[in-house]
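For reference, the structure discussed in these notes is given below.
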Amino acid sequence: MGLLRKAASAVTVGDRNPADSAARPSQPSTPATTAGLLKRSIQILATCPEQSRADESQEADLAKEIVEASKALSDGVELPSLLFTCLRNGLSIAKGALLLYDPVRLEYAPWASHGLDQTTLHRMRIPLGANETFNSLANGEPLEVMSAGQRADFQRFFSSREFAMLERLTLCPYIFQDTLVGVLLVTEMHPPFKDAAQLLQCLKEVARSVSPRFQKSRALLAAAGQTRKVRQPTTPEEQVAQLLASPTAQGKEMLFLSLSLGPYIREVLTAYEDLDLFRLREDVRTLLDAFLADVGVTIMIPAGGFLVCLQGARRDDIPLFLHQLRYFLASHFAAAPSIEKAPLIEVLKSRVWPGEGTDVKELVSFLSS
């Protein structure tokens, strides 16, 4: 009867005209009036379950659409960015990021993001074992972090401004073969679901369907990254010196190239507004390492370009090298620029070692300028 009384009260208030109430003194309800209100109240309550079921059905359809949209995304190195944009649109994410595991730095970092300030994106490097909440994602279940104590465990990964506005965190793990390969982190969104459980279930379904493709699309990058982390000299000069001192380089002629990939990277970036530029450059560098394999090495130089070393190569080999490189990148980036766009990848300078000089510092300075 409490619900009926509340509904009847709502109907009575909704039916009154304020001007009429002021003009007429209130009169006691008659049995007929009460019966009429009761009948209308029951009718209103009777329609609520139907409306609720309709809402639930609509939300289930929306969740299914989001899951199906994630399944339809193109495979490629940039799949994480595609997925994040898909979720940003479907769930109205105002602030968030998709973190992937960085095998070189042993941390989870943003590969795609939206709405977060640059200080936060710089600080958001979450290492293995960061805190209990982050570690609990290994069970494969998405979760909401709402308590002040749990949020405090993440404070160092945000700017002071962002953390001051933080009321909750939504975290969703991406797991492949018992390995946490990525984490969706959202601080603000307006999903089309009334129930948080529906949201978390939707995120879980997306992660379950996409995680194997994550691993597949980035398997080459992961393998190359594992190889690269064993050699971490701090400067380009040290990296060149280490290369020249290796047994595979002893007594061989080396062709050093200053490679421009800036226009190529910007072309890829225009297709994915949420893709992180630094991480895209890291991916391109790792792909270059994989492409060169045992015949060369890639070194990032301060000017933002790439220094490439080819063992036993001549300048006559440069056109073939560029042609093969374009095909290789196109096979890993779903939105790679067309092969015909030759100017997007070009060699700016070249130097033959040791025939044209044996000073490592001068070599790097020449190719970097």
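Lettering and numbering for the structure tokens are positional, with chains as A, B, ... in the shown order, residues counted from 1 in each chain, and ligands counted from 1 in the shown order.
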
Segment 188-264 of chain A residues near segment 353-358 of chain A within 7 Å, closest pair each, using only C-alpha atoms, as a Markdown table:
| residue | atom | partner | partner_atom | distance |
| --- | --- | --- | --- | --- |
| A:Glu253 | CA | A:Trp353 | CA | 5.8 |
| A:Met254 | CA | A:Trp353 | CA | 4.9 |
| A:Leu255 | CA | A:Trp353 | CA | 6.2 |

Export, as a compact mmCIF listing (two decimals), in the first residue's frame, the selected residues with C-alpha atoms.
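Dumped everything to part-v1.txt:
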# COMPACT_ATOMS: atom_id res chain seq x y z
CA GLU A 253 81.16 -2.39 -44.29
CA MET A 254 78.17 -0.59 -42.78
CA LEU A 255 75.71 1.79 -44.40

DSSP strand (DSSP E or B) residues within segment 52-166 of chain A, listed as an NGL selection string: :A and (93-102 or 107-114 or 126-127 or 143-145)

DSSP-assigned helix (DSSP H, G or I) members of segment 186-307 of chain A, reported as number ranges by chain: A: 196-217, 219-228, 236-245, 247-249, 262-271, 277-295

Export of prior selection with C-alpha atoms as a PDB file, in the first residue's frame:
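again_11.pdb, freshly written:
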ATOM      1  CA  ALA A 196      26.686  -0.538 -13.375  1.00  0.00           C
ATOM      2  CA  ALA A 197      26.543  -4.322 -13.642  1.00  0.00           C
ATOM      3  CA  GLN A 198      25.391  -4.013 -17.258  1.00  0.00           C
ATOM      4  CA  LEU A 199      28.315  -1.708 -18.017  1.00  0.00           C
ATOM      5  CA  LEU A 200      30.871  -4.052 -16.469  1.00  0.00           C
ATOM      6  CA  GLN A 201      29.382  -7.035 -18.287  1.00  0.00           C
ATOM      7  CA  CYS A 202      29.588  -5.163 -21.594  1.00  0.00           C
ATOM      8  CA  LEU A 203      33.237  -4.276 -20.955  1.00  0.00           C
ATOM      9  CA  LYS A 204      33.972  -7.893 -20.053  1.00  0.00           C
ATOM     10  CA  GLU A 205      32.390  -9.198 -23.257  1.00  0.00           C
ATOM     11  CA  VAL A 206      34.386  -6.747 -25.359  1.00  0.00           C
ATOM     12  CA  ALA A 207      37.632  -7.680 -23.623  1.00  0.00           C
ATOM     13  CA  ARG A 208      36.960 -11.395 -23.992  1.00  0.00           C
ATOM     14  CA  SER A 209      36.378 -11.079 -27.734  1.00  0.00           C
ATOM     15  CA  VAL A 210      39.239  -8.684 -28.486  1.00  0.00           C
ATOM     16  CA  SER A 211      42.089  -9.821 -26.194  1.00  0.00           C
ATOM     17  CA  PRO A 212      43.298 -12.666 -28.479  1.00  0.00           C
ATOM     18  CA  ARG A 213      43.395 -10.232 -31.419  1.00  0.00           C
ATOM     19  CA  PHE A 214      45.359  -7.775 -29.288  1.00  0.00           C
ATOM     20  CA  GLN A 215      48.007 -10.385 -28.783  1.00  0.00           C
ATOM     21  CA  LYS A 216      48.000 -11.422 -32.429  1.00  0.00           C
ATOM     22  CA  SER A 217      48.218  -7.881 -33.790  1.00  0.00           C
ATOM     23  CA  ALA A 219      52.942 -10.303 -31.261  1.00  0.00           C
ATOM     24  CA  LEU A 220      55.764  -9.113 -33.506  1.00  0.00           C
ATOM     25  CA  LEU A 221      56.119  -5.910 -31.474  1.00  0.00           C
ATOM     26  CA  ALA A 222      56.232  -7.863 -28.214  1.00  0.00           C
ATOM     27  CA  ALA A 223      58.939 -10.188 -29.520  1.00  0.00           C
ATOM     28  CA  ALA A 224      61.015  -7.315 -30.888  1.00  0.00           C
ATOM     29  CA  GLY A 225      60.561  -5.392 -27.640  1.00  0.00           C
ATOM     30  CA  GLN A 226      61.817  -8.330 -25.588  1.00  0.00           C
ATOM     31  CA  THR A 227      64.936  -8.438 -27.768  1.00  0.00           C
ATOM     32  CA  ARG A 228      65.490  -4.694 -27.545  1.00  0.00           C
ATOM     33  CA  PRO A 236      72.713   7.207 -29.873  1.00  0.00           C
ATOM     34  CA  GLU A 237      76.526   7.343 -29.746  1.00  0.00           C
ATOM     35  CA  GLU A 238      76.612   4.503 -27.200  1.00  0.00           C
ATOM     36  CA  GLN A 239      74.206   2.450 -29.277  1.00  0.00           C
ATOM     37  CA  VAL A 240      76.305   2.886 -32.427  1.00  0.00           C
ATOM     38  CA  ALA A 241      79.474   2.018 -30.506  1.00  0.00           C
ATOM     39  CA  GLN A 242      77.835  -1.100 -29.112  1.00  0.00           C
ATOM     40  CA  LEU A 243      76.735  -2.154 -32.595  1.00  0.00           C
ATOM     41  CA  LEU A 244      80.183  -1.633 -34.101  1.00  0.00           C
ATOM     42  CA  ALA A 245      81.790  -3.631 -31.293  1.00  0.00           C
ATOM     43  CA  PRO A 247      80.965  -9.791 -33.419  1.00  0.00           C
ATOM     44  CA  THR A 248      78.472  -9.609 -36.316  1.00  0.00           C
ATOM     45  CA  ALA A 249      79.760  -6.159 -37.338  1.00  0.00           C
ATOM     46  CA  GLY A 262      57.674  11.911 -39.771  1.00  0.00           C
ATOM     47  CA  PRO A 263      55.216  12.400 -42.667  1.00  0.00           C
ATOM     48  CA  TYR A 264      54.401   8.682 -42.608  1.00  0.00           C
ATOM     49  CA  ILE A 265      53.685   8.714 -38.879  1.00  0.00           C
ATOM     50  CA  ARG A 266      51.533  11.835 -39.187  1.00  0.00           C
ATOM     51  CA  GLU A 267      49.564  10.197 -41.987  1.00  0.00           C
ATOM     52  CA  VAL A 268      48.794   7.207 -39.759  1.00  0.00           C
ATOM     53  CA  LEU A 269      47.989   9.509 -36.854  1.00  0.00           C
ATOM     54  CA  THR A 270      45.358  11.431 -38.828  1.00  0.00           C
ATOM     55  CA  ALA A 271      43.295   8.250 -39.104  1.00  0.00           C
ATOM     56  CA  LEU A 277      52.112   9.957 -30.842  1.00  0.00           C
ATOM     57  CA  PHE A 278      54.976   8.838 -28.616  1.00  0.00           C
ATOM     58  CA  ARG A 279      53.702   5.256 -28.549  1.00  0.00           C
ATOM     59  CA  LEU A 280      53.156   5.281 -32.306  1.00  0.00           C
ATOM     60  CA  ARG A 281      56.770   6.315 -32.787  1.00  0.00           C
ATOM     61  CA  GLU A 282      57.819   3.539 -30.414  1.00  0.00           C
ATOM     62  CA  ASP A 283      55.807   1.020 -32.430  1.00  0.00           C
ATOM     63  CA  VAL A 284      57.357   2.202 -35.700  1.00  0.00           C
ATOM     64  CA  ARG A 285      60.835   1.955 -34.197  1.00  0.00           C
ATOM     65  CA  THR A 286      60.121  -1.593 -32.954  1.00  0.00           C
ATOM     66  CA  LEU A 287      58.771  -2.588 -36.364  1.00  0.00           C
ATOM     67  CA  LEU A 288      61.926  -1.231 -37.955  1.00  0.00           C
ATOM     68  CA  ASP A 289      63.972  -3.384 -35.580  1.00  0.00           C
ATOM     69  CA  ALA A 290      61.941  -6.413 -36.603  1.00  0.00           C
ATOM     70  CA  PHE A 291      62.268  -5.542 -40.296  1.00  0.00           C
ATOM     71  CA  LEU A 292      66.038  -5.239 -40.091  1.00  0.00           C
ATOM     72  CA  ALA A 293      66.388  -8.329 -37.896  1.00  0.00           C
ATOM     73  CA  ASP A 294      69.973  -9.619 -38.192  1.00  0.00           C
ATOM     74  CA  VAL A 295      71.054  -7.256 -40.980  1.00  0.00           C
TER      75      VAL A 295
END

Pick from A:Val77, A:Val183, A:Leu121, A:Ala313, whichever lies nearest to Tyr101 of chain A using only C-alpha atoms: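 Smallest separation from Tyr101 of chain A among the options: A:Val183.
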
Non-local contacts of Ser159 of chain A (8 Å; only C-alpha atoms; under 2 positions in same chain excluded) as a compact mmCIF listing (two decimals) with C-alpha atoms, in the first residue's frame:
# COMPACT_ATOMS: atom_id res chain seq x y z
CA ASP A 117 45.90 16.20 -19.46
CA THR A 119 50.90 15.54 -17.10
CA THR A 120 48.62 12.60 -16.38
CA ARG A 123 52.71 9.94 -15.21
CA GLN A 155 47.24 9.19 -7.06
CA ARG A 156 50.85 9.11 -8.32
CA PHE A 157 49.66 8.22 -11.81
CA ARG A 161 44.33 18.57 -11.11
CA GLU A 162 43.03 15.30 -12.53
CA PHE A 163 43.19 13.47 -9.21

Atomic distance atom CA of Asp195 of chain A - atom CA of Ala69 of chain A, expressed in Å with one decimal: 21.2 Å

Counting only C-alpha atoms, the option among A:Ala138, A:Ile66, A:Arg351, A:Leu106 closest to Leu180 of chain A: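 Residue with the minimum atom-to-atom distance to Leu180 of chain A: A:Ala138.
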
Atomic distance atom CA of Val308 of chain A - atom CA of Leu257 of chain A, expressed in Å with one decimal: 5.0 Å

Residue contacts of Ser81 of chain A (12 Å, only C-alpha atoms) excluding same-chain residues fewer than 2 positions away, as a PyMOL selection string: chain A and resi 70+73-79+83-88+97-100+110-114+182+184+214+268-269+271-277+279-280+333-335

Could the residues in this selection be written to a file with C-alpha atoms, as a short mmCIF file (atom, residue, chain, number, x, y, z; two decimals), in the first residue's frame?
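The resulting out-v6.cif:
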data_model
loop_
_atom_site.label_atom_id
_atom_site.label_comp_id
_atom_site.auth_asym_id
_atom_site.auth_seq_id
_atom_site.Cartn_x
_atom_site.Cartn_y
_atom_site.Cartn_z
CA SER A 70 34.59 -4.21 -31.44
CA LEU A 73 37.52 -3.66 -36.12
CA SER A 74 40.44 -4.13 -38.49
CA ASP A 75 43.46 -6.05 -37.27
CA GLY A 76 46.75 -4.21 -37.18
CA VAL A 77 49.26 -2.60 -34.87
CA GLU A 78 46.80 0.23 -34.23
CA LEU A 79 43.94 -2.09 -33.17
CA LEU A 83 39.07 -0.25 -29.98
CA PHE A 84 39.43 2.69 -27.64
CA THR A 85 37.70 5.01 -30.11
CA CYS A 86 34.92 2.44 -30.52
CA LEU A 87 34.39 2.30 -26.76
CA ARG A 88 34.71 6.07 -26.39
CA ALA A 97 43.00 5.61 -21.73
CA LEU A 98 43.83 2.17 -23.02
CA LEU A 99 47.04 0.95 -21.41
CA LEU A 100 49.20 -1.70 -23.04
CA PRO A 110 48.65 4.72 -22.58
CA TRP A 111 48.65 3.76 -26.25
CA ALA A 112 45.34 5.57 -26.83
CA SER A 113 43.66 8.23 -24.69
CA HIS A 114 41.06 10.96 -24.59
CA GLY A 182 46.18 -4.41 -21.54
CA LEU A 184 41.10 0.04 -20.09
CA PHE A 214 45.36 -7.77 -29.29
CA VAL A 268 48.79 7.21 -39.76
CA LEU A 269 47.99 9.51 -36.85
CA ALA A 271 43.29 8.25 -39.10
CA TYR A 272 43.28 7.67 -35.33
CA GLU A 273 42.67 10.75 -33.20
CA ASP A 274 43.10 8.84 -29.93
CA LEU A 275 46.42 7.23 -30.83
CA ASP A 276 49.35 8.42 -28.71
CA LEU A 277 52.11 9.96 -30.84
CA ARG A 279 53.70 5.26 -28.55
CA LEU A 280 53.16 5.28 -32.31
CA PHE A 333 49.31 -1.11 -40.01
CA ALA A 334 45.69 -1.39 -41.07
CA ALA A 335 45.70 2.30 -42.01
#

Interatomic distance, atom CA of Lys95 of chain A to atom CA of Val181 of chain A (Å, one decimal):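 Rounded to one decimal, the two atoms are 21.0 Å apart.
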
Who sits within 10 Å of Asp178 of chain A, only C-alpha atoms, same chain under 4 positions skipped, as a PyMOL selection string: chain A and resi 138-140+174

Would you mind exporting N, CA and C atoms of the selected residues as a tab-separated table (two decimals), in the first residue's frame?
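Everything below was put into out_22.tsv:
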chain	number	residue	atom	x	y	z
A	138	ALA	N	44.08	-9.34	-12.62
A	138	ALA	CA	44.55	-10.60	-13.19
A	138	ALA	C	43.46	-11.68	-13.21
A	139	ASN	N	42.41	-11.48	-12.40
A	139	ASN	CA	41.33	-12.47	-12.40
A	139	ASN	C	40.38	-12.30	-13.58
A	140	GLY	N	40.59	-11.26	-14.39
A	140	GLY	CA	39.81	-11.08	-15.60
A	140	GLY	C	38.51	-10.31	-15.44
A	174	TYR	N	42.43	-6.83	-20.08
A	174	TYR	CA	42.47	-7.60	-21.32
A	174	TYR	C	43.50	-8.71	-21.12

Which residue of A:Leu320, A:Ile126, A:Ile175, A:Ala152 approaches Ala109 of chain A most closely, using only C-alpha atoms: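 For Ala109 of chain A, the nearest of the candidates is A:Ile126.
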